[in-house]
>>> print(open('upload24.txt').read())   # compact mmCIF, C-alpha atoms
# COMPACT_ATOMS: atom_id res chain seq x y z
CA MET A 133 -98.64 72.32 -85.01
CA SER A 134 -96.97 75.52 -86.23
CA PRO A 135 -98.45 77.39 -89.24
CA LEU A 136 -95.44 76.44 -91.36
CA ALA A 137 -95.84 72.76 -90.46
CA SER A 138 -99.58 73.01 -91.16
CA TYR A 139 -98.93 74.41 -94.62
CA ARG A 140 -96.39 71.68 -95.34
CA ARG A 141 -98.88 69.02 -94.22
CA LEU A 142 -101.62 70.62 -96.29
CA PHE A 143 -99.60 70.78 -99.49
CA SER A 144 -98.32 67.22 -99.03
CA LEU A 145 -101.94 65.99 -98.87
CA ALA A 146 -102.95 67.87 -102.03
CA GLY A 147 -99.72 67.45 -103.98
CA PRO A 148 -97.75 70.15 -105.83
CA LEU A 149 -99.69 69.71 -109.09
CA TYR A 150 -102.99 70.56 -107.41
CA VAL A 151 -101.54 73.64 -105.72
CA LEU A 152 -100.11 74.79 -109.07
CA VAL A 153 -103.20 74.33 -111.24
CA ALA A 154 -105.59 75.64 -108.57
CA PHE A 155 -103.57 78.86 -108.23
CA LEU A 156 -102.67 79.52 -111.87
CA GLY A 157 -106.16 78.51 -112.99
CA ARG A 158 -107.66 81.49 -111.16
CA LEU A 159 -105.39 84.07 -112.83
CA PRO A 160 -107.46 84.40 -116.05
CA LEU A 161 -110.47 85.64 -114.08
CA ALA A 162 -108.24 88.14 -112.28
CA MET A 163 -106.88 89.34 -115.65
CA SER A 164 -110.05 89.40 -117.73
CA GLN A 165 -111.94 92.41 -116.37
CA MET A 166 -109.05 94.84 -116.66
CA GLY A 167 -108.02 93.12 -119.89
CA ALA A 168 -111.42 93.81 -121.45
CA LEU A 169 -111.25 97.43 -120.29
CA LEU A 170 -107.78 98.03 -121.77
CA LEU A 171 -108.48 96.13 -124.99
CA VAL A 172 -111.81 97.75 -125.85
CA ALA A 173 -110.85 101.25 -124.69
CA GLY A 174 -107.64 101.09 -126.72
CA ALA A 175 -109.37 99.80 -129.85
CA THR A 176 -112.32 102.19 -129.75
CA GLY A 177 -110.73 105.22 -128.12
CA SER A 178 -113.61 105.26 -125.66
CA TYR A 179 -113.25 104.57 -121.96
CA ALA A 180 -117.04 104.39 -121.78
CA ALA A 181 -117.03 101.45 -124.22
CA GLY A 182 -114.16 99.82 -122.34
CA GLY A 183 -115.91 100.26 -119.01
CA LEU A 184 -119.15 98.88 -120.41
CA SER A 185 -117.37 95.79 -121.72
CA ALA A 186 -115.54 95.22 -118.44
CA GLY A 187 -118.76 95.72 -116.50
CA ALA A 188 -120.68 93.31 -118.72
CA LEU A 189 -118.01 90.67 -118.18
CA ALA A 190 -118.02 91.16 -114.41
CA VAL A 191 -121.80 91.16 -114.00
CA ALA A 192 -122.26 88.12 -116.25
CA ASN A 193 -119.67 86.26 -114.22
CA ALA A 194 -121.32 87.23 -110.93
CA VAL A 195 -124.73 86.08 -112.18
CA CYS A 196 -123.63 82.84 -113.86
CA SER A 197 -120.98 81.59 -111.40
CA PRO A 198 -123.50 80.48 -108.74
CA VAL A 199 -125.38 78.57 -111.44
CA ALA A 200 -122.14 76.81 -112.36
CA GLY A 201 -121.49 76.17 -108.66
CA ALA A 202 -124.91 74.58 -108.27
CA LEU A 203 -124.31 72.41 -111.34
CA ALA A 204 -120.92 71.38 -109.92
CA ASP A 205 -122.63 70.34 -106.68
CA ARG A 206 -125.15 68.25 -108.62
CA ARG A 207 -122.98 66.80 -111.38
CA GLY A 208 -119.46 67.10 -110.01
CA GLN A 209 -116.85 69.76 -110.66
CA ARG A 210 -115.01 67.96 -113.44
CA PRO A 211 -117.55 68.29 -116.32
CA VAL A 212 -118.66 71.77 -115.27
CA VAL A 213 -115.20 73.32 -114.90
CA LEU A 214 -113.96 71.54 -118.03
CA LEU A 215 -116.80 73.04 -120.08
CA GLN A 216 -116.29 76.47 -118.51
CA SER A 217 -112.54 76.45 -119.14
CA LEU A 218 -112.84 75.40 -122.78
CA ALA A 219 -115.75 77.73 -123.54
CA GLY A 220 -114.27 80.60 -121.51
CA GLY A 221 -110.89 80.36 -123.23
CA LEU A 222 -112.56 80.30 -126.63
CA ALA A 223 -114.83 83.23 -125.71
CA LEU A 224 -111.87 85.38 -124.67
CA GLY A 225 -110.24 84.65 -128.03
CA VAL A 226 -113.45 85.62 -129.84
CA LEU A 227 -113.64 88.83 -127.81
CA VAL A 228 -110.14 89.77 -128.94
CA ALA A 229 -110.91 88.92 -132.57
CA LEU A 230 -114.13 90.95 -132.61
CA THR A 231 -112.49 93.94 -130.96
CA VAL A 232 -109.41 94.16 -133.17
CA SER A 233 -111.56 93.67 -136.29
CA GLY A 234 -113.56 96.80 -135.46
CA SER A 235 -116.90 95.16 -134.65
CA PRO A 236 -119.68 97.39 -133.31
CA VAL A 237 -119.47 98.22 -129.62
CA GLY A 238 -122.73 96.38 -128.92
CA VAL A 239 -121.31 93.18 -130.36
CA VAL A 240 -118.10 93.55 -128.37
CA VAL A 241 -120.04 94.16 -125.14
CA ALA A 242 -122.17 91.08 -125.81
CA ALA A 243 -119.01 89.03 -126.42
CA SER A 244 -117.60 90.30 -123.13
CA ALA A 245 -120.74 89.16 -121.33
CA VAL A 246 -120.51 85.71 -122.91
CA ALA A 247 -116.87 85.40 -121.85
CA GLY A 248 -117.75 86.45 -118.31
CA ALA A 249 -120.58 83.94 -118.16
CA PHE A 250 -118.20 81.05 -118.85
CA LEU A 251 -115.12 82.07 -116.84
CA PRO A 252 -114.85 79.60 -113.92
CA GLN A 253 -114.58 80.76 -110.30
CA ILE A 254 -111.74 78.38 -109.52
CA GLY A 255 -110.89 79.99 -106.17
CA PRO A 256 -114.28 79.20 -104.55
CA LEU A 257 -114.38 75.75 -106.13
CA ALA A 258 -110.88 75.00 -104.84
CA ARG A 259 -112.11 75.72 -101.31
CA VAL A 260 -114.69 72.97 -101.73
CA ARG A 261 -112.04 70.34 -102.42
CA TRP A 262 -110.06 70.88 -99.23
CA ARG A 263 -112.51 69.13 -96.90
CA PRO A 264 -112.45 65.78 -98.77
CA LEU A 265 -108.70 66.16 -99.26
CA THR A 266 -108.12 66.61 -95.52
CA ASP A 267 -110.67 63.90 -94.69
CA ARG A 268 -108.47 61.38 -96.52
CA THR A 269 -106.41 61.09 -93.34
CA GLY A 270 -109.32 59.06 -91.91
CA HIS A 271 -110.61 61.62 -89.40
CA ARG A 272 -111.79 65.21 -89.30
CA GLN A 273 -109.01 67.75 -89.69
CA GLU A 274 -110.75 71.00 -88.76
CA ARG A 275 -107.52 72.81 -87.86
CA LEU A 276 -105.93 71.73 -91.13
CA LEU A 277 -109.08 72.82 -92.97
CA GLU A 278 -108.78 76.24 -91.34
CA THR A 279 -105.22 76.43 -92.64
CA ALA A 280 -106.52 75.54 -96.11
CA PHE A 281 -109.01 78.39 -96.00
CA SER A 282 -106.28 80.76 -94.84
CA TYR A 283 -104.18 79.70 -97.80
CA GLU A 284 -107.11 80.11 -100.20
CA GLY A 285 -107.76 83.63 -98.94
CA ALA A 286 -104.12 84.55 -99.50
CA ALA A 287 -104.10 82.81 -102.90
CA ASP A 288 -107.15 84.77 -104.06
CA GLU A 289 -105.57 88.04 -103.00
CA ALA A 290 -102.27 87.09 -104.66
CA SER A 291 -104.09 86.29 -107.90
CA PHE A 292 -105.71 89.72 -107.96
CA VAL A 293 -102.29 91.31 -107.49
CA LEU A 294 -100.34 89.09 -109.90
CA GLY A 295 -103.06 88.84 -112.58
CA PRO A 296 -103.44 92.57 -113.34
CA ALA A 297 -99.68 93.08 -112.97
CA LEU A 298 -99.01 90.35 -115.53
CA LEU A 299 -101.65 91.81 -117.81
CA GLY A 300 -100.10 95.27 -117.55
CA LEU A 301 -96.65 93.90 -118.33
CA LEU A 302 -97.90 92.13 -121.46
CA ALA A 303 -99.79 95.25 -122.53
CA VAL A 304 -96.57 97.29 -122.27
CA ILE A 305 -94.37 94.67 -123.98
CA ALA A 306 -96.89 93.87 -126.73
CA ASN A 307 -100.49 95.14 -126.54
CA PRO A 308 -103.71 94.57 -124.52
CA ALA A 309 -104.82 91.90 -126.98
CA ALA A 310 -101.74 89.84 -126.14
CA GLY A 311 -102.59 90.06 -122.44
CA LEU A 312 -106.12 88.79 -122.95
CA LEU A 313 -104.98 86.02 -125.30
CA PHE A 314 -102.46 84.94 -122.68
CA ALA A 315 -105.30 84.78 -120.13
CA ALA A 316 -107.24 82.58 -122.57
CA ALA A 317 -104.25 80.26 -122.96
CA MET A 318 -103.81 80.09 -119.18
CA LEU A 319 -107.44 79.08 -118.81
CA LEU A 320 -107.18 76.39 -121.46
CA VAL A 321 -104.13 74.90 -119.75
CA PHE A 322 -104.62 75.39 -116.03
CA GLY A 323 -108.42 75.63 -115.92
CA VAL A 324 -108.60 72.32 -117.75
CA GLY A 325 -105.87 70.99 -115.47
CA PHE A 326 -107.92 71.91 -112.41
CA ALA A 327 -111.00 70.25 -113.89
CA LEU A 328 -109.15 67.02 -114.67
CA HIS A 329 -107.15 66.79 -111.45
CA PRO A 330 -107.96 63.55 -109.55
CA SER A 331 -109.13 65.54 -106.50
CA ALA A 332 -112.33 66.36 -108.41
CA ARG A 333 -113.36 62.72 -107.99
CA LEU A 334 -113.43 63.06 -104.20
CA LEU A 335 -116.42 65.35 -104.36
CA ARG A 336 -119.86 63.90 -103.87
CA SER A 337 -122.42 64.79 -106.53
CA SER A 338 -126.06 65.14 -105.53
CA GLY A 339 -129.50 65.59 -106.96
CA THR A 340 -131.81 68.44 -106.10
CA SER A 341 -134.20 68.47 -103.18
CA ALA A 342 -136.38 71.18 -101.71
CA GLU A 343 -134.96 70.43 -98.27
CA VAL A 344 -131.35 70.98 -99.33
CA VAL A 345 -132.15 74.19 -101.23
CA GLY A 346 -134.18 75.45 -98.30
CA ARG A 347 -131.28 74.87 -95.92
CA LEU A 348 -129.06 76.98 -98.16
CA LEU A 349 -131.41 79.96 -98.17
CA THR A 350 -131.17 80.85 -94.47
CA GLY A 351 -130.94 84.17 -92.67
CA THR A 352 -127.43 83.32 -91.50
CA PHE A 353 -126.19 82.68 -95.01
CA ALA A 354 -127.93 85.85 -96.21
CA ALA A 355 -125.92 87.79 -93.61
CA LEU A 356 -122.72 86.25 -94.95
CA LEU A 357 -123.72 87.23 -98.50
CA LEU A 358 -124.29 90.80 -97.30
CA ALA A 359 -120.90 90.73 -95.58
CA GLN A 360 -119.23 89.82 -98.88
CA LEU A 361 -121.23 92.43 -100.78
CA LEU A 362 -119.88 95.06 -98.40
CA ILE A 363 -116.23 93.97 -98.73
CA GLY A 364 -116.75 94.11 -102.50
CA MET A 365 -117.89 97.72 -102.10
CA VAL A 366 -114.69 98.39 -100.18
CA PHE A 367 -112.63 97.03 -103.09
CA GLY A 368 -114.52 98.97 -105.75
CA SER A 369 -114.50 102.27 -103.89
CA VAL A 370 -110.81 102.03 -102.94
CA GLN A 371 -109.87 101.40 -106.55
CA THR A 372 -111.99 104.33 -107.74
CA GLY A 373 -110.70 106.71 -105.08
CA THR A 374 -107.11 105.65 -105.75
CA THR A 375 -107.55 106.28 -109.48
CA VAL A 376 -109.05 109.74 -108.87
CA LEU A 377 -106.31 110.78 -106.44
CA ALA A 378 -103.48 109.41 -108.61
CA THR A 379 -104.87 111.16 -111.69
CA ALA A 380 -105.22 114.45 -109.86
CA ALA A 381 -101.61 114.09 -108.68
CA GLY A 382 -100.45 113.63 -112.29
CA HIS A 383 -99.53 109.95 -111.85
CA ALA A 384 -102.55 108.12 -113.28
CA GLY A 385 -100.41 105.11 -114.16
CA ALA A 386 -99.58 104.57 -110.47
CA ALA A 387 -103.20 103.85 -109.54
CA GLY A 388 -102.97 100.14 -110.31
CA LEU A 389 -99.75 99.72 -108.35
CA VAL A 390 -101.13 101.56 -105.33
CA HIS A 391 -104.34 99.53 -105.38
CA ALA A 392 -102.30 96.33 -105.61
CA LEU A 393 -100.85 97.15 -102.19
CA LEU A 394 -104.25 96.35 -100.73
CA GLY A 395 -103.70 92.80 -101.94
CA VAL A 396 -100.11 92.68 -100.70
CA GLY A 397 -101.13 93.43 -97.13
CA SER A 398 -104.01 91.00 -97.45
CA VAL A 399 -101.77 88.16 -98.67
CA VAL A 400 -99.43 88.59 -95.69
CA ALA A 401 -102.34 88.66 -93.24
CA GLY A 402 -103.99 85.68 -94.92
CA LEU A 403 -100.93 83.48 -94.60
CA ALA A 404 -100.43 84.52 -90.97
CA PHE A 405 -104.11 83.91 -90.19
CA ALA A 406 -103.47 80.21 -89.60
CA ALA A 407 -101.43 81.09 -86.50
CA LEU A 408 -104.46 82.40 -84.61
CA PRO A 409 -105.41 80.15 -81.66
CA GLU A 410 -108.52 78.02 -82.02
CA ARG A 411 -110.14 79.64 -78.99
CA ILE A 412 -110.71 82.78 -81.09
CA GLY A 413 -113.82 81.67 -82.98
CA TYR A 414 -114.72 82.76 -86.49
CA PRO A 415 -117.66 84.97 -85.43
CA VAL A 416 -115.23 86.97 -83.27
CA ARG A 417 -112.74 87.08 -86.14
CA VAL A 418 -115.40 88.51 -88.45
CA LEU A 419 -116.26 91.13 -85.83
CA VAL A 420 -112.66 92.15 -85.13
CA SER A 421 -111.65 92.26 -88.79
CA ALA A 422 -114.75 94.30 -89.68
CA ALA A 423 -113.78 96.76 -86.94
CA GLY A 424 -110.28 96.74 -88.44
CA LEU A 425 -111.68 97.67 -91.85
CA LEU A 426 -113.43 100.66 -90.32
CA VAL A 427 -110.53 101.83 -88.14
CA LEU A 428 -107.86 101.33 -90.78
CA GLY A 429 -110.02 102.71 -93.60
CA THR A 430 -111.13 105.92 -91.90
CA PRO A 431 -107.76 107.71 -92.53
CA LEU A 432 -108.63 107.57 -96.24
CA LEU A 433 -110.98 110.48 -95.59
CA TRP A 434 -107.99 112.69 -94.74
CA THR A 435 -105.62 111.34 -97.39
CA THR A 436 -104.45 113.99 -99.83
CA THR A 437 -101.15 112.66 -101.23
CA LEU A 438 -100.04 109.50 -102.97
CA GLY A 439 -97.41 108.86 -100.31
CA HIS A 440 -100.02 108.90 -97.56
CA LEU A 441 -102.36 106.78 -99.68
CA VAL A 442 -99.70 104.10 -100.16
CA VAL A 443 -99.34 103.65 -96.41
CA VAL A 444 -103.07 103.66 -95.66
CA VAL A 445 -103.96 101.20 -98.44
CA LEU A 446 -101.15 98.82 -97.48
CA VAL A 447 -102.21 98.79 -93.83
CA LEU A 448 -105.91 98.47 -94.71
CA GLY A 449 -105.10 95.26 -96.57
CA PHE A 450 -104.21 93.54 -93.30
CA ALA A 451 -107.91 93.50 -92.32
CA VAL A 452 -109.17 92.22 -95.68
CA ALA A 453 -108.01 88.59 -95.77
CA PRO A 454 -108.97 87.80 -92.14
CA TYR A 455 -112.45 89.16 -92.84
CA MET A 456 -112.92 87.18 -96.06
CA ILE A 457 -111.37 83.98 -94.73
CA SER A 458 -113.70 84.08 -91.73
CA VAL A 459 -116.79 84.73 -93.87
CA PHE A 460 -115.96 81.95 -96.34
CA THR A 461 -115.19 79.50 -93.53
CA LEU A 462 -118.51 80.22 -91.86
CA GLY A 463 -120.21 79.98 -95.25
CA GLU A 464 -118.76 76.48 -95.71
CA ARG A 465 -120.07 75.47 -92.31
CA ALA A 466 -123.48 77.15 -92.68
CA VAL A 467 -124.73 75.04 -95.59
CA PRO A 468 -125.20 71.34 -96.34
CA LEU A 469 -122.08 69.60 -97.58
CA ALA A 470 -123.85 68.89 -100.87
CA ARG A 471 -124.25 72.63 -101.50
CA VAL A 472 -120.82 73.98 -100.54
CA GLY A 473 -119.90 74.70 -104.17
CA THR A 474 -123.05 76.74 -104.64
CA ALA A 475 -122.38 78.60 -101.40
CA MET A 476 -118.77 79.44 -102.25
CA THR A 477 -119.64 80.76 -105.71
CA LEU A 478 -122.56 82.76 -104.31
CA LEU A 479 -120.23 84.43 -101.83
CA ALA A 480 -117.76 85.19 -104.62
CA ALA A 481 -120.59 86.56 -106.77
CA ALA A 482 -121.73 88.81 -103.93
CA THR A 483 -118.18 90.20 -103.75
CA GLY A 484 -118.23 90.94 -107.48
CA LEU A 485 -121.61 92.65 -107.31
CA GLY A 486 -120.41 94.69 -104.35
CA TYR A 487 -117.37 95.73 -106.35
CA ALA A 488 -119.62 97.00 -109.14
CA VAL A 489 -121.91 98.86 -106.71
CA GLY A 490 -118.97 100.36 -104.82
CA SER A 491 -117.25 101.49 -108.02
CA ALA A 492 -120.40 103.08 -109.41
CA LEU A 493 -121.34 104.87 -106.19
CA ALA A 494 -117.77 106.02 -105.56
CA GLY A 495 -117.53 107.31 -109.13
CA ARG A 496 -120.64 109.44 -108.70
CA LEU A 497 -119.40 110.92 -105.44
CA ALA A 498 -115.92 111.44 -106.88
CA ASP A 499 -117.41 113.49 -109.71
CA ALA A 500 -119.06 115.70 -107.10
CA VAL A 501 -116.41 116.08 -104.38
CA GLY A 502 -113.28 114.27 -105.58
CA HIS A 503 -111.43 111.31 -104.10
CA THR A 504 -112.75 111.98 -100.59
CA GLY A 505 -116.25 111.25 -101.85
CA ALA A 506 -115.09 107.92 -103.25
CA PHE A 507 -113.34 106.99 -100.02
CA SER A 508 -116.45 107.88 -98.03
CA VAL A 509 -118.05 104.85 -99.70
CA THR A 510 -115.16 102.73 -98.38
CA VAL A 511 -115.70 103.93 -94.83
CA GLY A 512 -119.48 103.60 -95.09
CA ALA A 513 -119.22 100.03 -96.36
CA ALA A 514 -116.78 99.14 -93.57
CA ALA A 515 -119.13 100.63 -90.98
CA ALA A 516 -122.03 98.63 -92.42
CA ALA A 517 -119.89 95.47 -92.32
CA LEU A 518 -119.25 96.06 -88.64
CA VAL A 519 -122.97 96.49 -87.97
CA VAL A 520 -123.74 93.24 -89.82
CA ALA A 521 -121.02 91.43 -87.86
CA VAL A 522 -122.44 92.66 -84.55
CA LEU A 523 -126.04 91.78 -85.38
CA ALA A 524 -125.13 88.34 -86.75
CA GLN A 525 -122.97 87.20 -83.84
CA ARG A 526 -125.53 84.86 -82.27
CA PRO A 527 -126.44 82.88 -85.43
CA LEU A 528 -122.80 82.84 -86.51
CA ARG A 529 -121.80 81.36 -83.15
CA ARG A 530 -124.38 78.59 -83.66
CA VAL A 531 -122.88 77.82 -87.06
CA ALA A 532 -119.35 77.85 -85.67
CA ARG A 533 -120.28 75.47 -82.82
CA ARG A 534 -121.89 72.85 -84.98
CA GLY A 535 -119.30 72.97 -87.78
CA THR A 536 -120.50 71.88 -91.20
CA ALA A 537 -124.24 71.39 -90.99
CA SER A 538 -124.26 68.20 -92.96
CA ALA A 539 -120.86 66.79 -92.04
CA GLU A 540 -120.78 63.05 -92.41
CA PRO A 541 -118.80 60.32 -90.69
CA VAL A 542 -115.49 59.69 -92.34
CA ALA A 543 -115.35 55.94 -91.99
CA ASP A 544 -115.38 55.75 -95.78
CA ALA A 545 -112.57 58.25 -96.18
CA VAL A 546 -109.67 57.20 -98.31
CA PRO A 547 -106.54 56.43 -96.25
CA PRO A 548 -103.58 58.59 -97.24
CA ASP A 549 -101.61 55.54 -98.40
CA ALA A 550 -104.38 54.04 -100.51
CA GLY A 551 -102.67 55.23 -103.67
CA ALA A 552 -105.86 56.18 -105.49
CA LEU A 553 -108.75 58.60 -105.21
CA VAL A 554 -112.14 56.95 -104.98
CA ARG A 555 -115.36 58.66 -105.94
CA ARG A 556 -117.95 58.49 -103.23
CA PRO A 557 -121.36 57.15 -104.23
>>> encode(input="upload24.txt", output="structure tokens")
Amino acid sequence: MSPLASYRRLFSLAGPLYVLVAFLGRLPLAMSQMGALLLVAGATGSYAAGGLSAGALAVANAVCSPVAGALADRRGQRPVVLLQSLAGGLALGVLVALTVSGSPVGVVVAASAVAGAFLPQIGPLARVRWRPLTDRTGHRQERLLETAFSYEGAADEASFVLGPALLGLLAVIANPAAGLLFAAAMLLVFGVGFALHPSARLLRSSGTSAEVVGRLLTGTFAALLLAQLLIGMVFGSVQTGTTVLATAAGHAGAAGLVHALLGVGSVVAGLAFAALPERIGYPVRVLVSAAGLLVLGTPLLWTTTLGHLVVVVLVLGFAVAPYMISVFTLGERAVPLARVGTAMTLLAAATGLGYAVGSALAGRLADAVGHTGAFSVTVGAAAAALVVAVLAQRPLRRVARRGTASAEPVADAVPPDAGALVRRP
């Protein structure tokens, strides 16, 4: 089946409404961090206060999202995502109100953290739904599931291009507060829509057990978490280095557009990823894409102009989605089916923490030696990702061979013409 036919088959199984709410529901998270930075910095006149608010939001989200993922595994996604969407939308509105009313910076930072704690990680949770959706055909659809993960990787990258761009447009047309309020409205509409979509009922809820938790905390999954931490460092350091170089060139406003090119290349590669033959296993894909990050990122060390940077960042993006798609796919297979939601949100949280670490480290080096210092973090993180990929090949191959560790027979799967979604016991 061609990639185009696979995507058509995939979207026909899910339905256009699911594709719409699952994509648009993830935009508020992509908008919120930069939105908090612009809003608070503009209101207080302090980039330090803006950065602290944005950082508090990001860290709170990284810490709390795996907790929400674990709750979704135990209780089902519907109540958890519904609560997150309602509370997160309200919290963003409160953040705007406190900021524009001149509340103390400490209060605003605390409000940012609360908002971040409730913002749902819809991208990782959407990945969880694809297996039961594809299982509704009555038999395992591993190739179709791989296409779904390729799409999700591209959708995540597209959201982190479109979200900040939309926020910037609203900030120019109106003000940063309007951008963050729009994100809140999007969450209340599409986050709630994702929570209430009938596909949520296909997911099995489960209680806790020491055995299940123990099977999640394995060395293989720890390696995948480290892999995502390192790609997060790549993101954070590239954004910092791009900002430093663009500012030095007298075009500070171009930094966001240049950084967005990383996502553009990644979206293209993510959509094309489904065309790779099955004989190229995911451990090899992780290895090759990690090598690609290093090879394609190294020219950043000799980049001195915005024109050169545009080319390098765009090309570097082509290694990003294949790397992340492969890691998330192996993460889905490395854990029990009852803990996939926890696993996906943990991987996303590791990416966010890596972004914070990469930004902070790159900022320190940029203060000392300029943009080259920031980009040295990018190259170092890519090199470390390659080392992790090499060392983890054997356990990753075991995971890839056995597929999902706790995959179950699909005799109880819902036939595609059954006309209704049935919750499994």
>>> closest_residue(input="upload24.txt", among="A:Gly311, A:Gly295, A:Gly449, A:Gly373", to="Ala506 (chain A)", atoms="only C-alpha atoms")
A:Gly373
>>> residues_near_point(input="upload24.txt", point="(-116.6, 102.7, -105.2)", cutoff="12 Å", atoms="all atoms listed in the file", output="PyMOL selection string")
chain A and resi 362-376+485-499+503-513
>>> residues_near_point(input="upload24.txt", point="(-118.3, 97.2, -122.8)", cutoff="10 Å", atoms="all atoms listed in the file", output="MDAnalysis selection string")
chainID A and resid 168:169 172:173 178:189 237:245
>>> residues_around(input="upload24.txt", residues="Val420 (chain A)", least_positions_apart="4", cutoff="9 Å", atoms="all atoms listed in the file", output="list in words")
Pro415, Val416, Gly424, Leu425, Ala451, Tyr455, Leu518 and Ala521 of chain A
>>> residues_around(input="upload24.txt", residues="Val212 (chain A)", least_positions_apart="6", cutoff="7 Å", atoms="only C-alpha atoms", output="list in words")
Ala200, Leu203 and Ala204 of chain A
>>> closest_atom_pairs(input="upload24.txt", of="region 373-406 of chain A", to="region 276-283 of chain A", cutoff="12 Å", atoms="all atoms listed in the file", output="JSON lines")
{"residue": "A:Ser398", "atom": "CA", "partner": "A:Ser282", "partner_atom": "CA", "distance": 10.8}
{"residue": "A:Val399", "atom": "CA", "partner": "A:Tyr283", "partner_atom": "CA", "distance": 8.8}
{"residue": "A:Val400", "atom": "CA", "partner": "A:Tyr283", "partner_atom": "CA", "distance": 10.3}
{"residue": "A:Ala401", "atom": "CA", "partner": "A:Ser282", "partner_atom": "CA", "distance": 9.0}
{"residue": "A:Gly402", "atom": "CA", "partner": "A:Ser282", "partner_atom": "CA", "distance": 5.4}
{"residue": "A:Leu403", "atom": "CA", "partner": "A:Tyr283", "partner_atom": "CA", "distance": 5.9}
{"residue": "A:Ala404", "atom": "CA", "partner": "A:Ser282", "partner_atom": "CA", "distance": 8.0}
{"residue": "A:Phe405", "atom": "CA", "partner": "A:Ser282", "partner_atom": "CA", "distance": 6.0}
{"residue": "A:Ala406", "atom": "CA", "partner": "A:Thr279", "partner_atom": "CA", "distance": 5.2}
>>> residues_around(input="upload24.txt", residues="region 141-153 of chain A", least_positions_apart="6", cutoff="7 Å", atoms="only C-alpha atoms", output="short mmCIF file (atom, residue, chain, number, x, y, z; two decimals) with C-alpha atoms, in the frame of the given file")
data_model
loop_
_atom_site.label_atom_id
_atom_site.label_comp_id
_atom_site.auth_asym_id
_atom_site.auth_seq_id
_atom_site.Cartn_x
_atom_site.Cartn_y
_atom_site.Cartn_z
CA LEU A 265 -108.70 66.16 -99.26
CA LEU A 276 -105.93 71.73 -91.13
CA ALA A 280 -106.52 75.54 -96.11
CA PHE A 322 -104.62 75.39 -116.03
CA GLY A 325 -105.87 70.99 -115.47
CA PHE A 326 -107.92 71.91 -112.41
CA HIS A 329 -107.15 66.79 -111.45
#
>>> residues_around(input="upload24.txt", residues="Asp288 (chain A)", least_positions_apart="6", cutoff="10 Å", atoms="all atoms listed in the file", output="JSON, numbers by chain")
{"A": [155, 158, 159, 162, 254, 255, 256, 294, 395, 398, 399, 402, 453]}
>>> atom_distance(input="upload24.txt", atom1="CA of Gly463 (chain A)", atom2="CA of Leu419 (chain A)")
15.1 Å
>>> atom_distance(input="upload24.txt", atom1="CA of Leu438 (chain A)", atom2="CA of Ser291 (chain A)")
24.1 Å
>>> atom_distance(input="upload24.txt", atom1="CA of Asn193 (chain A)", atom2="CA of Leu357 (chain A)")
16.3 Å
>>> closest_residue(input="upload24.txt", among="A:Leu428, A:Ala287, A:Ala175, A:Ala249", to="Ile457 (chain A)", atoms="all atoms listed in the file")
A:Ala287
>>> closest_residue(input="upload24.txt", among="A:Ala229, A:Val452, A:Ala378, A:Ala219", to="Ala247 (chain A)", atoms="only C-alpha atoms")
A:Ala219
>>> closest_residue(input="upload24.txt", among="A:Ala359, A:Leu299, A:Ala290, A:Ala354", to="Ala516 (chain A)", atoms="all atoms listed in the file")
A:Ala359
>>> closest_residue(input="upload24.txt", among="A:Val321, A:Val501, A:Ala470, A:Ala223", to="Val260 (chain A)", atoms="all atoms listed in the file")
A:Ala470
>>> residues_around(input="upload24.txt", residues="Leu298 (chain A)", least_positions_apart="5", cutoff="9 Å", atoms="all atoms listed in the file", output="PDB file with C-alpha atoms, keeping the file's coordinate frame")
ATOM      1  CA  MET A 163    -106.880  89.340-115.650  1.00  0.00           C
ATOM      2  CA  VAL A 293    -102.290  91.310-107.490  1.00  0.00           C
ATOM      3  CA  ALA A 303     -99.790  95.250-122.530  1.00  0.00           C
ATOM      4  CA  GLY A 311    -102.590  90.060-122.440  1.00  0.00           C
TER       5      GLY A 311
END
>>> decode(input="upload24.txt", residues="region 284-290 of chain A", atoms="N, CA and C atoms", output="PDB file, in the first residue's frame")
ATOM      1  N   GLU A 284       1.472  11.422  13.347  1.00  0.00           N
ATOM      2  CA  GLU A 284       1.512  12.129  14.627  1.00  0.00           C
ATOM      3  C   GLU A 284       2.807  12.925  14.780  1.00  0.00           C
ATOM      4  N   GLY A 285       3.919  12.346  14.324  1.00  0.00           N
ATOM      5  CA  GLY A 285       5.178  13.091  14.385  1.00  0.00           C
ATOM      6  C   GLY A 285       5.112  14.360  13.554  1.00  0.00           C
ATOM      7  N   ALA A 286       4.553  14.251  12.354  1.00  0.00           N
ATOM      8  CA  ALA A 286       4.411  15.426  11.494  1.00  0.00           C
ATOM      9  C   ALA A 286       3.420  16.420  12.090  1.00  0.00           C
ATOM     10  N   ALA A 287       2.333  15.912  12.687  1.00  0.00           N
ATOM     11  CA  ALA A 287       1.325  16.796  13.278  1.00  0.00           C
ATOM     12  C   ALA A 287       1.903  17.575  14.459  1.00  0.00           C
ATOM     13  N   ASP A 288       2.701  16.911  15.288  1.00  0.00           N
ATOM     14  CA  ASP A 288       3.335  17.615  16.406  1.00  0.00           C
ATOM     15  C   ASP A 288       4.233  18.732  15.903  1.00  0.00           C
ATOM     16  N   GLU A 289       5.046  18.414  14.902  1.00  0.00           N
ATOM     17  CA  GLU A 289       5.954  19.427  14.358  1.00  0.00           C
ATOM     18  C   GLU A 289       5.163  20.574  13.733  1.00  0.00           C
ATOM     19  N   ALA A 290       4.094  20.250  13.013  1.00  0.00           N
ATOM     20  CA  ALA A 290       3.267  21.294  12.397  1.00  0.00           C
ATOM     21  C   ALA A 290       2.638  22.189  13.457  1.00  0.00           C
TER      22      ALA A 290
END
